[in-house]
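First the structure, in the form of structure tokens, and then the observations on it.
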Amino acid sequence: MPRARDLWSGVHAPLARALVWCGWEVEVFDIQLNAEDDLSTEEGQSRAMAGGDKIDAWCMAIDCRSLSRARAIKRRGAEASRELRDEKHPWGIPNLSEEERKMVEEANRGVKFTGTVMKKGGEAGAAAILENPRGSWLWDLETKVEGFEDYDFASCAWDGDRAKKERVRSNVTEMEYVVAECVHMH
């Protein structure tokens, strides 16, 4: 039976559920499900990597709250969210509040971990898949690994609720089949 680890799986773990339905054994790691699965900490990362040589696929969808460029968009009638990163400071702008700084630092540790997982997983012959919005700062940080390609798609092209532009970085060439743009009127 093939084995996968779904990192930052989310509470409902939809990818893990789909893989189980297809006959995979899947372990999920998400702080929302288990406090020990905080993948921004060395302890959580060690737990996730333990026995990693027996894993056939690594799936990652890191929390994009502090990585989103959408934070810079001014929205009429809504309280503006503050930009936490910019072109000059992709790892975090100076003078963040204590709460913002903590969120950015946690995300940065997670970003570095995704690069490690992709590199080690790829070297061991495992599939590795990293997903985030197409405009995420994630793609400008330390997630570029030799042998991995980017595949862009719109969520609604795959029955998503909205035309969210997504990107997958993977060493699985068959991911080219997810490439699709929105053809709907939203």
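FYI, nothing fancy with the structure tokens labels: chains A, B, ... in order, residues from 1 per chain, ligands from 1 as they appear.
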
Do you know which residues are at most 7 Å from Ala61 of chain A counting only C-alpha atoms, after dropping those on the same chain fewer than 3 positions away, and could you put them as an mmCIF file with C-alpha atoms, in the first residue's frame?
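Final file, around.cif:
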```cif
data_model
loop_
_atom_site.group_PDB
_atom_site.id
_atom_site.type_symbol
_atom_site.label_atom_id
_atom_site.label_comp_id
_atom_site.auth_asym_id
_atom_site.auth_seq_id
_atom_site.Cartn_x
_atom_site.Cartn_y
_atom_site.Cartn_z
ATOM 1 C CA LEU A 7 1.535 18.422 5.820
ATOM 2 C CA TRP A 8 -0.663 21.420 6.709
ATOM 3 C CA SER A 9 -3.579 19.155 5.804
ATOM 4 C CA LEU A 130 3.616 21.878 -2.724
ATOM 5 C CA GLU A 131 0.446 23.952 -3.263
ATOM 6 C CA ASN A 132 -0.337 27.625 -2.594
#
```

Which segment 60-100 of chain A residues have any atom within 10 Å of an atom of segment 111-122 of chain A, and for each, what is the nearest pair of atoms with distance in Å to one decimal, counting only C-alpha atoms, rows sorted by chain and number, as a tab-separated table?
```
residue	atom	partner	partner_atom	distance
A:Met60	CA	A:Thr114	CA	7.4
A:Ala61	CA	A:Thr114	CA	9.2
A:Ile62	CA	A:Val111	CA	7.6
A:Asp63	CA	A:Val111	CA	9.6
A:Leu67	CA	A:Val111	CA	9.6
A:Trp91	CA	A:Val111	CA	9.9
```

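Minimum distance to Asp6 of chain A across A:Trp139, A:Asp38, A:Ala128, A:Arg69 (counting only C-alpha atoms) occurs at A:Ala128.
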